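Asker: My structure is in work08.cif, and what it holds is mmCIF, C-alpha atoms:
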data_start
loop_
_atom_site.group_PDB
_atom_site.id
_atom_site.type_symbol
_atom_site.label_atom_id
_atom_site.label_comp_id
_atom_site.auth_asym_id
_atom_site.auth_seq_id
_atom_site.Cartn_x
_atom_site.Cartn_y
_atom_site.Cartn_z
ATOM 1 C CA MET A 52 14.652 -1.368 11.029
ATOM 2 C CA GLY A 53 12.002 1.189 11.966
ATOM 3 C CA ASN A 54 11.898 0.586 15.736
ATOM 4 C CA SER A 55 11.651 4.232 16.835
ATOM 5 C CA HIS A 56 8.594 6.511 16.952
ATOM 6 C CA TRP A 57 7.818 9.732 15.122
ATOM 7 C CA SER A 58 7.760 12.867 17.272
ATOM 8 C CA ASP A 59 6.110 16.004 15.910
ATOM 9 C CA ALA A 60 7.669 18.069 18.693
ATOM 10 C CA ALA A 61 11.192 16.841 17.925
ATOM 11 C CA ASP A 62 10.692 17.389 14.180
ATOM 12 C CA GLN A 63 9.443 20.945 14.722
ATOM 13 C CA ALA A 64 12.357 21.665 17.048
ATOM 14 C CA ARG A 65 14.760 20.536 14.334
ATOM 15 C CA GLN A 66 13.072 22.709 11.739
ATOM 16 C CA HIS A 67 13.136 25.765 14.007
ATOM 17 C CA HIS A 68 16.815 25.233 14.853
ATOM 18 C CA ARG A 69 17.780 24.965 11.188
ATOM 19 C CA HIS A 70 15.813 28.064 10.328
ATOM 20 C CA ALA A 71 17.318 30.073 13.177
ATOM 21 C CA ALA A 72 20.845 28.932 12.334
ATOM 22 C CA ASN A 73 20.298 29.292 8.567
ATOM 23 C CA GLN A 74 21.329 25.649 8.120
ATOM 24 C CA THR A 75 20.338 23.316 5.319
ATOM 25 C CA ALA A 76 18.665 19.996 6.047
ATOM 26 C CA PHE A 77 20.676 18.473 3.181
ATOM 27 C CA THR A 78 24.034 18.415 4.905
ATOM 28 C CA TYR A 79 25.553 15.649 2.801
ATOM 29 C CA ASP A 80 24.743 17.467 -0.434
ATOM 30 C CA GLN A 81 26.468 20.536 0.996
ATOM 31 C CA GLN A 82 29.472 18.411 1.943
ATOM 32 C CA VAL A 83 29.776 16.889 -1.536
ATOM 33 C CA ARG A 84 29.599 20.288 -3.198
ATOM 34 C CA ALA A 85 32.237 21.710 -0.865
ATOM 35 C CA SER A 86 34.623 18.787 -1.438
ATOM 36 C CA GLY A 87 33.979 18.305 -5.146
ATOM 37 C CA ILE A 88 33.926 14.527 -4.604
ATOM 38 C CA ALA A 89 30.623 13.098 -5.828
ATOM 39 C CA CYS A 90 29.794 9.745 -4.277
ATOM 40 C CA VAL A 91 26.865 8.083 -2.583
ATOM 41 C CA HIS A 92 26.628 8.362 1.217
ATOM 42 C CA ASP A 93 27.617 5.079 2.859
ATOM 43 C CA GLN A 94 24.206 4.706 4.487
ATOM 44 C CA MET A 95 22.368 5.388 1.210
ATOM 45 C CA ASN A 96 24.469 3.023 -0.886
ATOM 46 C CA PRO A 97 22.303 0.334 -2.580
ATOM 47 C CA HIS A 98 25.230 -1.923 -3.432
ATOM 48 C CA GLY A 99 25.000 -5.360 -1.839
ATOM 49 C CA VAL A 100 22.261 -4.559 0.686
ATOM 50 C CA ILE A 101 18.689 -5.539 1.527
ATOM 51 C CA ARG A 102 16.434 -2.863 2.996
ATOM 52 C CA GLU A 103 14.078 -4.291 5.610
ATOM 53 C CA SER A 104 10.742 -3.218 7.047
ATOM 54 C CA ARG A 105 10.172 -5.300 10.173
ATOM 55 C CA ASP A 106 7.484 -5.731 12.796
ATOM 56 C CA SER A 107 8.530 -5.097 16.391
ATOM 57 C CA ASP A 108 7.003 -4.688 19.838
ATOM 58 C CA GLN A 109 6.709 -0.966 19.105
ATOM 59 C CA HIS A 110 5.329 -1.521 15.589
ATOM 60 C CA PRO A 111 3.552 -4.892 15.449
ATOM 61 C CA GLN A 112 1.773 -4.127 12.146
ATOM 62 C CA SER A 113 4.442 -2.328 10.117
ATOM 63 C CA LEU A 114 3.609 -1.057 6.638
ATOM 64 C CA ALA A 115 6.457 -0.441 4.188
ATOM 65 C CA ILE A 116 6.271 2.794 2.167
ATOM 66 C CA GLY A 117 8.973 3.689 -0.360
ATOM 67 C CA VAL A 118 9.322 7.208 -1.795
ATOM 68 C CA ILE A 119 11.971 7.541 -4.502
ATOM 69 C CA PHE A 120 12.352 10.839 -6.341
ATOM 70 C CA ASP A 121 14.202 12.116 -9.377
ATOM 71 C CA VAL A 122 16.949 14.557 -8.339
ATOM 72 C CA THR A 123 17.853 15.683 -11.855
ATOM 73 C CA GLY A 124 17.161 19.077 -13.392
ATOM 74 C CA SER A 125 13.779 20.591 -12.632
ATOM 75 C CA MET A 126 12.872 17.950 -10.030
ATOM 76 C CA GLY A 127 15.322 19.287 -7.468
ATOM 77 C CA ALA A 128 12.601 20.977 -5.415
ATOM 78 C CA VAL A 129 10.867 17.686 -4.504
ATOM 79 C CA PRO A 130 13.240 16.501 -1.751
ATOM 80 C CA ARG A 131 13.008 19.891 -0.062
ATOM 81 C CA VAL A 132 9.216 19.657 -0.143
ATOM 82 C CA LEU A 133 9.353 16.171 1.359
ATOM 83 C CA GLN A 134 11.681 17.323 4.113
ATOM 84 C CA THR A 135 9.598 20.321 5.163
ATOM 85 C CA LYS A 136 6.262 18.460 4.986
ATOM 86 C CA LEU A 137 7.377 15.146 6.492
ATOM 87 C CA GLY A 138 5.657 15.869 9.804
ATOM 88 C CA ALA A 139 2.336 16.606 8.126
ATOM 89 C CA LEU A 140 2.634 13.398 6.083
ATOM 90 C CA LEU A 141 3.052 11.339 9.254
ATOM 91 C CA ARG A 142 0.181 13.185 10.928
ATOM 92 C CA ALA A 143 -2.131 12.433 8.026
ATOM 93 C CA LEU A 144 -1.162 8.752 7.943
ATOM 94 C CA ILE A 145 -1.240 8.053 11.687
ATOM 95 C CA GLN A 146 -3.659 10.517 13.277
ATOM 96 C CA LYS A 147 -6.286 10.028 10.586
ATOM 97 C CA GLY A 148 -6.010 6.267 10.944
ATOM 98 C CA TYR A 149 -4.773 5.566 7.408
ATOM 99 C CA VAL A 150 -1.789 3.554 8.701
ATOM 100 C CA ASP A 151 -1.018 2.641 12.307
ATOM 101 C CA HIS A 152 2.677 1.870 11.856
ATOM 102 C CA PRO A 153 4.168 3.386 8.679
ATOM 103 C CA GLN A 154 7.827 2.738 7.932
ATOM 104 C CA ILE A 155 9.086 5.075 5.216
ATOM 105 C CA LEU A 156 12.121 4.600 2.989
ATOM 106 C CA PHE A 157 13.457 7.561 1.023
ATOM 107 C CA GLY A 158 15.594 7.255 -2.074
ATOM 108 C CA ALA A 159 16.786 9.195 -5.102
ATOM 109 C CA VAL A 160 17.222 8.312 -8.750
ATOM 110 C CA GLY A 161 19.145 9.845 -11.628
ATOM 111 C CA ASP A 162 20.496 8.472 -14.889
ATOM 112 C CA ALA A 163 22.880 5.524 -14.637
ATOM 113 C CA TYR A 164 24.026 6.173 -18.185
ATOM 114 C CA CYS A 165 25.701 9.432 -17.225
ATOM 115 C CA ASP A 166 25.335 10.430 -13.540
ATOM 116 C CA SER A 167 27.931 9.878 -10.826
ATOM 117 C CA VAL A 168 25.325 8.859 -8.226
ATOM 118 C CA PRO A 169 22.292 7.455 -10.090
ATOM 119 C CA LEU A 170 20.734 5.485 -7.226
ATOM 120 C CA GLN A 171 20.525 6.260 -3.497
ATOM 121 C CA ILE A 172 18.369 4.151 -1.176
ATOM 122 C CA GLY A 173 17.812 4.671 2.542
ATOM 123 C CA GLN A 174 16.308 2.362 5.141
ATOM 124 C CA PHE A 175 12.688 1.886 6.187
ATOM 125 C CA GLU A 176 12.267 4.060 9.272
ATOM 126 C CA SER A 177 9.508 5.029 11.708
ATOM 127 C CA GLY A 178 11.029 8.045 13.462
ATOM 128 C CA LEU A 179 13.269 11.045 12.855
ATOM 129 C CA GLU A 180 15.721 8.743 11.073
ATOM 130 C CA MET A 181 13.589 9.472 7.994
ATOM 131 C CA ASP A 182 14.659 13.096 8.173
ATOM 132 C CA ASP A 183 18.253 11.954 8.689
ATOM 133 C CA ASP A 184 18.108 9.875 5.503
ATOM 134 C CA LEU A 185 16.828 12.827 3.475
ATOM 135 C CA GLY A 186 19.823 14.769 4.739
ATOM 136 C CA LYS A 187 22.168 12.079 3.356
ATOM 137 C CA ILE A 188 20.953 12.417 -0.234
ATOM 138 C CA TYR A 189 23.172 14.034 -2.840
ATOM 139 C CA LEU A 190 21.005 16.293 -5.025
ATOM 140 C CA GLU A 191 23.105 15.733 -8.128
ATOM 141 C CA GLY A 192 20.935 17.646 -10.578
ATOM 142 C CA GLY A 193 22.393 15.799 -13.560
ATOM 143 C CA GLY A 194 20.567 13.691 -16.121
ATOM 144 C CA GLY A 195 21.460 13.146 -19.724
ATOM 145 C CA GLY A 196 19.012 15.467 -21.470
ATOM 146 C CA GLN A 197 17.314 12.671 -23.413
ATOM 147 C CA ILE A 198 14.017 12.741 -21.440
ATOM 148 C CA HIS A 199 14.831 9.429 -19.727
ATOM 149 C CA GLU A 200 16.094 8.557 -16.245
ATOM 150 C CA THR A 201 16.833 5.096 -14.855
ATOM 151 C CA TYR A 202 13.657 4.747 -12.776
ATOM 152 C CA GLU A 203 13.713 1.071 -13.755
ATOM 153 C CA LEU A 204 16.912 0.589 -11.728
ATOM 154 C CA ALA A 205 15.098 1.820 -8.616
ATOM 155 C CA ALA A 206 12.202 -0.520 -9.432
ATOM 156 C CA TYR A 207 14.654 -3.421 -9.666
ATOM 157 C CA PHE A 208 16.083 -2.631 -6.243
ATOM 158 C CA MET A 209 12.673 -2.413 -4.614
ATOM 159 C CA ALA A 210 11.508 -5.648 -6.269
ATOM 160 C CA ARG A 211 14.558 -7.731 -5.360
ATOM 161 C CA HIS A 212 16.402 -5.991 -2.550
ATOM 162 C CA THR A 213 13.712 -5.250 0.010
ATOM 163 C CA SER A 214 12.217 -7.558 2.623
ATOM 164 C CA ILE A 215 8.939 -6.345 4.123
ATOM 165 C CA ASP A 216 6.980 -8.028 6.908
ATOM 166 C CA CYS A 217 3.663 -6.480 5.881
ATOM 167 C CA TYR A 218 3.703 -8.648 2.763
ATOM 168 C CA GLU A 219 5.822 -11.595 3.834
ATOM 169 C CA LYS A 220 3.898 -12.180 7.072
ATOM 170 C CA ARG A 221 0.435 -10.810 6.288
ATOM 171 C CA GLY A 222 0.090 -10.699 2.514
ATOM 172 C CA HIS A 223 -0.469 -6.926 2.721
ATOM 173 C CA LYS A 224 1.336 -5.081 -0.055
ATOM 174 C CA GLY A 225 3.612 -2.181 0.758
ATOM 175 C CA TYR A 226 3.616 1.085 -1.196
ATOM 176 C CA LEU A 227 6.072 2.580 -3.644
ATOM 177 C CA PHE A 228 5.878 6.099 -5.045
ATOM 178 C CA THR A 229 8.376 7.196 -7.665
ATOM 179 C CA ILE A 230 8.385 10.881 -8.569
ATOM 180 C CA GLY A 231 9.768 12.239 -11.822
ATOM 181 C CA ASP A 232 9.024 14.066 -15.061
ATOM 182 C CA GLU A 233 10.838 11.852 -17.565
ATOM 183 C CA LYS A 234 10.475 8.318 -18.963
ATOM 184 C CA PRO A 235 12.093 5.081 -17.792
ATOM 185 C CA TYR A 236 14.383 3.293 -20.218
ATOM 186 C CA LEU A 237 13.115 0.215 -22.045
ATOM 187 C CA VAL A 238 15.188 -2.251 -20.018
ATOM 188 C CA VAL A 239 17.020 -2.659 -16.742
ATOM 189 C CA ARG A 240 20.618 -2.898 -17.951
ATOM 190 C CA ARG A 241 22.548 -5.792 -16.464
ATOM 191 C CA GLN A 242 25.674 -3.610 -16.274
ATOM 192 C CA HIS A 243 23.847 -0.941 -14.267
ATOM 193 C CA VAL A 244 22.604 -3.582 -11.831
ATOM 194 C CA GLN A 245 26.083 -4.990 -11.390
ATOM 195 C CA ASP A 246 27.715 -1.579 -10.972
ATOM 196 C CA HIS A 247 25.239 -0.024 -8.561
ATOM 197 C CA ILE A 248 23.464 -2.922 -6.806
ATOM 198 C CA GLY A 249 25.957 -5.763 -7.114
ATOM 199 C CA ASP A 250 23.830 -8.484 -8.733
ATOM 200 C CA THR A 251 25.029 -10.472 -11.730
ATOM 201 C CA LEU A 252 22.336 -10.937 -14.360
ATOM 202 C CA GLU A 253 22.457 -13.093 -17.441
ATOM 203 C CA ARG A 254 20.544 -10.558 -19.526
ATOM 204 C CA ASP A 255 18.829 -7.185 -19.451
ATOM 205 C CA ILE A 256 15.267 -7.148 -18.080
ATOM 206 C CA PRO A 257 12.397 -5.381 -19.886
ATOM 207 C CA VAL A 258 10.935 -2.591 -17.769
ATOM 208 C CA GLU A 259 7.458 -4.146 -18.052
ATOM 209 C CA GLN A 260 8.758 -7.339 -16.473
ATOM 210 C CA ILE A 261 10.449 -5.706 -13.495
ATOM 211 C CA ILE A 262 7.375 -3.559 -12.824
ATOM 212 C CA ALA A 263 5.153 -6.655 -12.879
ATOM 213 C CA GLU A 264 7.518 -8.287 -10.379
ATOM 214 C CA LEU A 265 7.498 -5.188 -8.194
ATOM 215 C CA GLN A 266 3.691 -5.079 -8.218
ATOM 216 C CA GLN A 267 3.542 -8.517 -6.624
ATOM 217 C CA ARG A 268 4.730 -6.872 -3.382
ATOM 218 C CA TYR A 269 3.941 -3.155 -3.681
ATOM 219 C CA GLU A 270 1.076 -0.864 -4.639
ATOM 220 C CA TYR A 271 3.086 1.160 -7.145
ATOM 221 C CA PHE A 272 2.298 4.750 -8.169
ATOM 222 C CA HIS A 273 4.293 7.194 -10.281
ATOM 223 C CA ILE A 274 3.805 10.921 -9.689
ATOM 224 C CA ILE A 275 4.478 13.349 -12.552
ATOM 225 C CA ALA A 276 4.692 17.045 -11.731
ATOM 226 C CA THR A 277 3.196 18.606 -14.849
ATOM 227 C CA ASN A 278 4.660 22.070 -14.213
ATOM 228 C CA THR A 279 8.284 20.907 -14.589
ATOM 229 C CA SER A 280 10.494 20.678 -17.694
ATOM 230 C CA HIS A 281 8.989 17.505 -19.188
ATOM 231 C CA GLY A 282 6.042 16.748 -16.911
ATOM 232 C CA GLY A 283 3.570 18.241 -19.374
ATOM 233 C CA SER A 284 4.863 16.108 -22.241
ATOM 234 C CA ALA A 285 2.145 13.886 -23.723
ATOM 235 C CA ASP A 286 4.862 11.370 -24.658
ATOM 236 C CA VAL A 287 6.156 11.119 -21.083
ATOM 237 C CA GLN A 288 2.664 10.773 -19.654
ATOM 238 C CA ALA A 289 1.624 8.179 -22.268
ATOM 239 C CA ARG A 290 4.674 6.022 -21.554
ATOM 240 C CA TRP A 291 3.987 5.906 -17.833
ATOM 241 C CA LYS A 292 0.268 5.296 -18.389
ATOM 242 C CA ALA A 293 1.117 2.342 -20.626
ATOM 243 C CA LEU A 294 3.087 0.880 -17.713
ATOM 244 C CA LEU A 295 0.874 1.803 -14.725
ATOM 245 C CA GLY A 296 -2.517 2.922 -16.043
ATOM 246 C CA GLU A 297 -4.546 4.955 -13.551
ATOM 247 C CA ARG A 298 -1.700 4.790 -11.021
ATOM 248 C CA VAL A 299 0.061 7.558 -12.886
ATOM 249 C CA LEU A 300 -0.782 10.687 -10.889
ATOM 250 C CA LEU A 301 -0.525 14.016 -12.725
ATOM 251 C CA LEU A 302 0.274 16.710 -10.190
ATOM 252 C CA ASP A 303 -0.135 20.380 -11.129
ATOM 253 C CA ASP A 304 2.309 21.480 -8.415
ATOM 254 C CA GLU A 305 5.116 19.336 -7.017
ATOM 255 C CA ALA A 306 4.688 21.156 -3.698
ATOM 256 C CA ALA A 307 1.624 18.906 -3.128
ATOM 257 C CA VAL A 308 3.562 15.648 -3.360
ATOM 258 C CA CYS A 309 3.182 14.730 0.340
ATOM 259 C CA GLU A 310 -0.546 15.376 0.236
ATOM 260 C CA THR A 311 -0.827 13.148 -2.830
ATOM 261 C CA ILE A 312 1.066 10.299 -1.182
ATOM 262 C CA ALA A 313 -1.059 10.465 1.972
ATOM 263 C CA LEU A 314 -4.336 10.538 0.046
ATOM 264 C CA ALA A 315 -3.324 7.673 -2.261
ATOM 265 C CA ILE A 316 -2.508 5.488 0.740
ATOM 266 C CA GLY A 317 -5.769 6.427 2.459
ATOM 267 C CA LEU A 318 -7.734 5.406 -0.632
ATOM 268 C CA CYS A 319 -5.862 2.122 -1.052
ATOM 269 C CA GLU A 320 -6.220 1.231 2.618
ATOM 270 C CA GLY A 321 -9.972 1.847 2.506
ATOM 271 C CA ALA A 322 -9.634 4.565 5.144
ATOM 272 C CA VAL A 323 -11.017 7.276 2.844
ATOM 273 C CA ASP A 324 -14.549 6.946 1.518
ATOM 274 C CA ASP A 325 -14.150 9.570 -1.193
ATOM 275 C CA ILE A 326 -11.796 12.246 -2.455
ATOM 276 C CA GLY A 327 -13.651 15.044 -0.671
ATOM 277 C CA SER A 328 -13.387 13.502 2.794
ATOM 278 C CA GLY A 329 -9.744 12.675 2.111
ATOM 279 C CA ALA A 330 -8.989 16.305 1.258
ATOM 280 C CA ASP A 331 -10.684 17.353 4.513
ATOM 281 C CA ASP A 332 -8.431 14.916 6.410
ATOM 282 C CA LEU A 333 -5.359 16.536 4.871
ATOM 283 C CA ILE A 334 -6.470 20.019 5.880
ATOM 284 C CA GLN A 335 -7.098 18.828 9.441
ATOM 285 C CA ALA A 336 -3.583 17.346 9.478
ATOM 286 C CA GLY A 337 -2.165 20.797 8.772
ATOM 287 C CA TYR A 338 -1.931 20.886 4.985
ATOM 288 C CA ASP A 339 -2.804 23.956 2.947
ATOM 289 C CA PRO A 340 -6.316 23.673 1.410
ATOM 290 C CA ALA A 341 -4.999 24.518 -2.063
ATOM 291 C CA ALA A 342 -2.412 21.717 -1.864
ATOM 292 C CA ALA A 343 -5.056 19.284 -0.617
ATOM 293 C CA ALA A 344 -7.242 20.222 -3.591
ATOM 294 C CA THR A 345 -4.300 19.682 -5.959
ATOM 295 C CA ALA A 346 -3.729 16.197 -4.515
ATOM 296 C CA ALA A 347 -7.426 15.377 -4.831
ATOM 297 C CA THR A 348 -7.393 16.400 -8.488
ATOM 298 C CA ALA A 349 -4.326 14.228 -9.170
ATOM 299 C CA LEU A 350 -6.073 11.210 -7.645
ATOM 300 C CA SER A 351 -9.530 11.742 -9.133
ATOM 301 C CA ARG A 352 -9.007 9.301 -12.011
ATOM 302 C CA TYR A 353 -7.590 6.598 -9.760
ATOM 303 C CA ALA A 354 -10.363 7.084 -7.180
ATOM 304 C CA THR A 355 -13.054 6.250 -9.752
ATOM 305 C CA THR A 356 -11.508 2.811 -10.264
ATOM 306 C CA GLN A 357 -10.861 2.044 -6.614
ATOM 307 C CA THR A 358 -12.971 -0.481 -4.717
ATOM 308 C CA ARG A 359 -12.448 -1.636 -1.157
ATOM 309 C CA THR A 360 -10.423 -4.829 -1.034
ATOM 310 C CA VAL A 361 -9.682 -7.330 1.715
ATOM 311 C CA PRO A 362 -5.942 -8.016 2.216
ATOM 312 C CA LEU A 363 -4.699 -11.545 1.751
ATOM 313 C CA ALA A 364 -4.538 -13.675 4.883
ATOM 314 C CA ALA A 365 -1.189 -13.672 6.639
ATOM 315 C CA GLY A 366 1.365 -15.823 4.914
ATOM 316 C CA MET A 367 -0.624 -16.137 1.682
ATOM 317 C CA LEU A 368 1.684 -15.294 -1.207
ATOM 318 C CA PRO A 369 0.955 -15.551 -4.929
ATOM 319 C CA ASP A 370 1.352 -19.014 -6.413
ATOM 320 C CA SER A 371 4.905 -19.224 -7.723
ATOM 321 C CA ALA A 372 3.572 -20.907 -10.827
ATOM 322 C CA THR A 373 1.934 -17.616 -11.853
ATOM 323 C CA LEU A 374 5.208 -15.684 -11.812
ATOM 324 C CA ASP A 375 7.534 -15.253 -14.785
ATOM 325 C CA THR A 376 10.624 -17.285 -14.039
ATOM 326 C CA ASP A 377 12.651 -15.810 -16.915
ATOM 327 C CA ASP A 378 13.895 -13.002 -14.690
ATOM 328 C CA GLY A 379 17.399 -12.401 -15.945
ATOM 329 C CA ARG A 380 19.120 -14.200 -13.089
ATOM 330 C CA LEU A 381 21.952 -16.615 -13.727
#
Please render this file's structure as structure tokens.
Answerer:
Amino acid sequence: MGNSHWSDAADQARQHHRHAANQTAFTYDQQVRASGIACVHDQMNPHGVIRESRDSDQHPQSLAIGVIFDVTGSMGAVPRVLQTKLGALLRALIQKGYVDHPQILFGAVGDAYCDSVPLQIGQFESGLEMDDDLGKIYLEGGGGGQIHETYELAAYFMARHTSIDCYEKRGHKGYLFTIGDEKPYLVVRRQHVQDHIGDTLERDIPVEQIIAELQQRYEYFHIIATNTSHGGSADVQARWKALLGERVLLLDDEAAVCETIALAIGLCEGAVDDIGSGADDLIQAGYDPAAAATAATALSRYATTQTRTVPLAAGMLPDSATLDTDDGRL
């Protein structure tokens, strides 16, 4: 997937049309609410599929980027922010030379213990199909009220149900950003995997294990908006920091989520020398200076630990002997 090209002009035309017609970008969510039938959109259904990020003549050096956000409770504003700022995100990545050929997958997560649609996963795309996928997400707004969501189920999907040429051909890790203000559960439940993804596991998988597996293929960050219901909780923040360390990004305002994603990728790719120059790049790409400053603050701790690294040579994968083989599979 991901064979088309992003067009700023086409994106802006879409935005202007929706505004003039007073139309929502989230047409599937509107459809579900009108019908009263809550189910995942066929093209966002994670059951029995592999999502692929592939090189092509148009995109010979594709880079897979996953963005999966919590759609429960107070996090409902995030997908709307992503939709309105998608063009600026692509401008920052491409025009500033952070990534030549980004392919972005959007997804949504809830709570598989109680929600009707706890996992929605789109395809890796390079063009306006990204905006289409956002429009196919059901913004359920559920959650169980226990300060946990099944982020670990999304991590399982990305670890075992994606195939990305950037890593498989060139040894260059993709990126995954999850966004939410609650904690993951302790384990990936085998029943949740079977119900929503279709795999049969012999046992539950500890969240630490599936994250370690995911990190073999992706640079993984979790963004916590600290101004939401639970984002300021020391317990929530400590749990994520125990799992991801400095890759937990504390964001004062969820409206700066796109800026934060762009700057994190620029730092990881070695395209940004320091936080200050990265914030300047964001402003030049059309972002508000205050939002750029918020993103820079969220990434300040990570930036102090970041050193420039050379990607693995193409085809060089980690030695299978170093991986944990007790992975819950039959």
Asker: When you count all atoms listed in the file, which of these residues is closest to Tyr79 of chain A: A:Leu185, A:Val160, A:Ala306, A:Leu295?
Answerer: A:Leu185
Asker: Applying 8 Å and all atoms listed in the file, which residues near segment 94-96 of chain A remain after dropping the ones on its own chain fewer than 6 positions away? List them as a PDB file with C-alpha atoms, keeping the file's coordinate frame.
Answerer:
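Saved the output as result_37.pdb:
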ATOM      1  CA  GLY A 158      15.594   7.255  -2.074  1.00  0.00           C
ATOM      2  CA  LEU A 170      20.734   5.485  -7.226  1.00  0.00           C
ATOM      3  CA  GLN A 171      20.525   6.260  -3.497  1.00  0.00           C
ATOM      4  CA  ILE A 172      18.369   4.151  -1.176  1.00  0.00           C
ATOM      5  CA  GLY A 173      17.812   4.671   2.542  1.00  0.00           C
ATOM      6  CA  GLN A 174      16.308   2.362   5.141  1.00  0.00           C
ATOM      7  CA  ASP A 184      18.108   9.875   5.503  1.00  0.00           C
ATOM      8  CA  LYS A 187      22.168  12.079   3.356  1.00  0.00           C
ATOM      9  CA  ILE A 188      20.953  12.417  -0.234  1.00  0.00           C
TER      10      ILE A 188
END
Asker: Any chance you could tabulate, as JSON lines, the residues of segment 152-234 of chain A at most 12 Å from segment 61-68 of chain A with each one's nearest atom pair and distance in Å to one decimal, using only C-alpha atoms, in chain and rising number order?
Answerer:
{"residue": "A:Gly178", "atom": "CA", "partner": "A:Asp62", "partner_atom": "CA", "distance": 9.4}
{"residue": "A:Leu179", "atom": "CA", "partner": "A:Asp62", "partner_atom": "CA", "distance": 7.0}
{"residue": "A:Glu180", "atom": "CA", "partner": "A:Asp62", "partner_atom": "CA", "distance": 10.5}
{"residue": "A:Met181", "atom": "CA", "partner": "A:Asp62", "partner_atom": "CA", "distance": 10.5}
{"residue": "A:Asp182", "atom": "CA", "partner": "A:Asp62", "partner_atom": "CA", "distance": 8.4}
{"residue": "A:Asp183", "atom": "CA", "partner": "A:Asp62", "partner_atom": "CA", "distance": 10.8}
Asker: Distance atom CA of Phe120 of chain A-atom CA of Thr229 of chain A, one decimal place?
Answerer: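 That distance, rounded to one decimal, is 5.6 Å.
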Asker: Between atom CA of Phe228 of chain A and atom CA of Ala89 of chain A, measure the distance and give it in Å to one decimal.
Answerer: 25.7 Å
Asker: List as a list in words the protein and nucleic acid residues near segment 240-250 of chain A, meaning an atom at most 7 Å away when only C-alpha atoms are counted, but skip any in the same chain fewer than 6 places from it.
Answerer: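 The contact residues come out as Pro97, His98, Gly99, Ala163 and Ile256 of chain A.
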Asker: Rank nothing, just name the residue among A:Gln112, A:Gln134, A:Gln81, A:Ser167 nearest to Val308 of chain A, using all atoms listed in the file.
Answerer: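 Selected residue with least distance to Val308 of chain A: A:Gln134.
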Asker: Taking N, CA and C atoms as the atom set, what does segment 168-180 of chain A look like once completed, written as a PDB file, in the frame of the given file?
Answerer:
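Written output follows (result_17.pdb):
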ATOM      1  N   VAL A 168      26.054   9.511  -9.314  1.00  0.00           N
ATOM      2  CA  VAL A 168      25.325   8.859  -8.226  1.00  0.00           C
ATOM      3  C   VAL A 168      23.871   8.648  -8.686  1.00  0.00           C
ATOM      4  N   PRO A 169      23.621   7.610  -9.498  1.00  0.00           N
ATOM      5  CA  PRO A 169      22.292   7.455 -10.090  1.00  0.00           C
ATOM      6  C   PRO A 169      21.259   6.755  -9.219  1.00  0.00           C
ATOM      7  N   LEU A 170      21.692   6.170  -8.099  1.00  0.00           N
ATOM      8  CA  LEU A 170      20.734   5.485  -7.226  1.00  0.00           C
ATOM      9  C   LEU A 170      21.186   5.613  -5.779  1.00  0.00           C
ATOM     10  N   GLN A 171      20.274   6.126  -4.934  1.00  0.00           N
ATOM     11  CA  GLN A 171      20.525   6.260  -3.497  1.00  0.00           C
ATOM     12  C   GLN A 171      19.293   5.737  -2.772  1.00  0.00           C
ATOM     13  N   ILE A 172      19.498   4.805  -1.848  1.00  0.00           N
ATOM     14  CA  ILE A 172      18.369   4.151  -1.176  1.00  0.00           C
ATOM     15  C   ILE A 172      18.617   4.111   0.327  1.00  0.00           C
ATOM     16  N   GLY A 173      17.711   4.703   1.092  1.00  0.00           N
ATOM     17  CA  GLY A 173      17.812   4.671   2.542  1.00  0.00           C
ATOM     18  C   GLY A 173      17.185   3.428   3.133  1.00  0.00           C
ATOM     19  N   GLN A 174      16.897   3.491   4.420  1.00  0.00           N
ATOM     20  CA  GLN A 174      16.308   2.362   5.141  1.00  0.00           C
ATOM     21  C   GLN A 174      14.856   2.698   5.477  1.00  0.00           C
ATOM     22  N   PHE A 175      14.041   1.675   5.675  1.00  0.00           N
ATOM     23  CA  PHE A 175      12.688   1.886   6.187  1.00  0.00           C
ATOM     24  C   PHE A 175      12.786   2.344   7.635  1.00  0.00           C
ATOM     25  N   GLU A 176      12.180   3.484   7.935  1.00  0.00           N
ATOM     26  CA  GLU A 176      12.267   4.060   9.272  1.00  0.00           C
ATOM     27  C   GLU A 176      10.898   4.509   9.758  1.00  0.00           C
ATOM     28  N   SER A 177      10.759   4.593  11.093  1.00  0.00           N
ATOM     29  CA  SER A 177       9.508   5.029  11.708  1.00  0.00           C
ATOM     30  C   SER A 177       9.623   6.375  12.400  1.00  0.00           C
ATOM     31  N   GLY A 178      10.834   6.828  12.688  1.00  0.00           N
ATOM     32  CA  GLY A 178      11.029   8.045  13.462  1.00  0.00           C
ATOM     33  C   GLY A 178      11.805   9.107  12.706  1.00  0.00           C
ATOM     34  N   LEU A 179      12.529   9.940  13.453  1.00  0.00           N
ATOM     35  CA  LEU A 179      13.269  11.045  12.855  1.00  0.00           C
ATOM     36  C   LEU A 179      14.406  10.583  11.961  1.00  0.00           C
ATOM     37  N   GLU A 180      14.710   9.282  11.985  1.00  0.00           N
ATOM     38  CA  GLU A 180      15.721   8.743  11.073  1.00  0.00           C
ATOM     39  C   GLU A 180      15.327   8.994   9.617  1.00  0.00           C
TER      40      GLU A 180
END
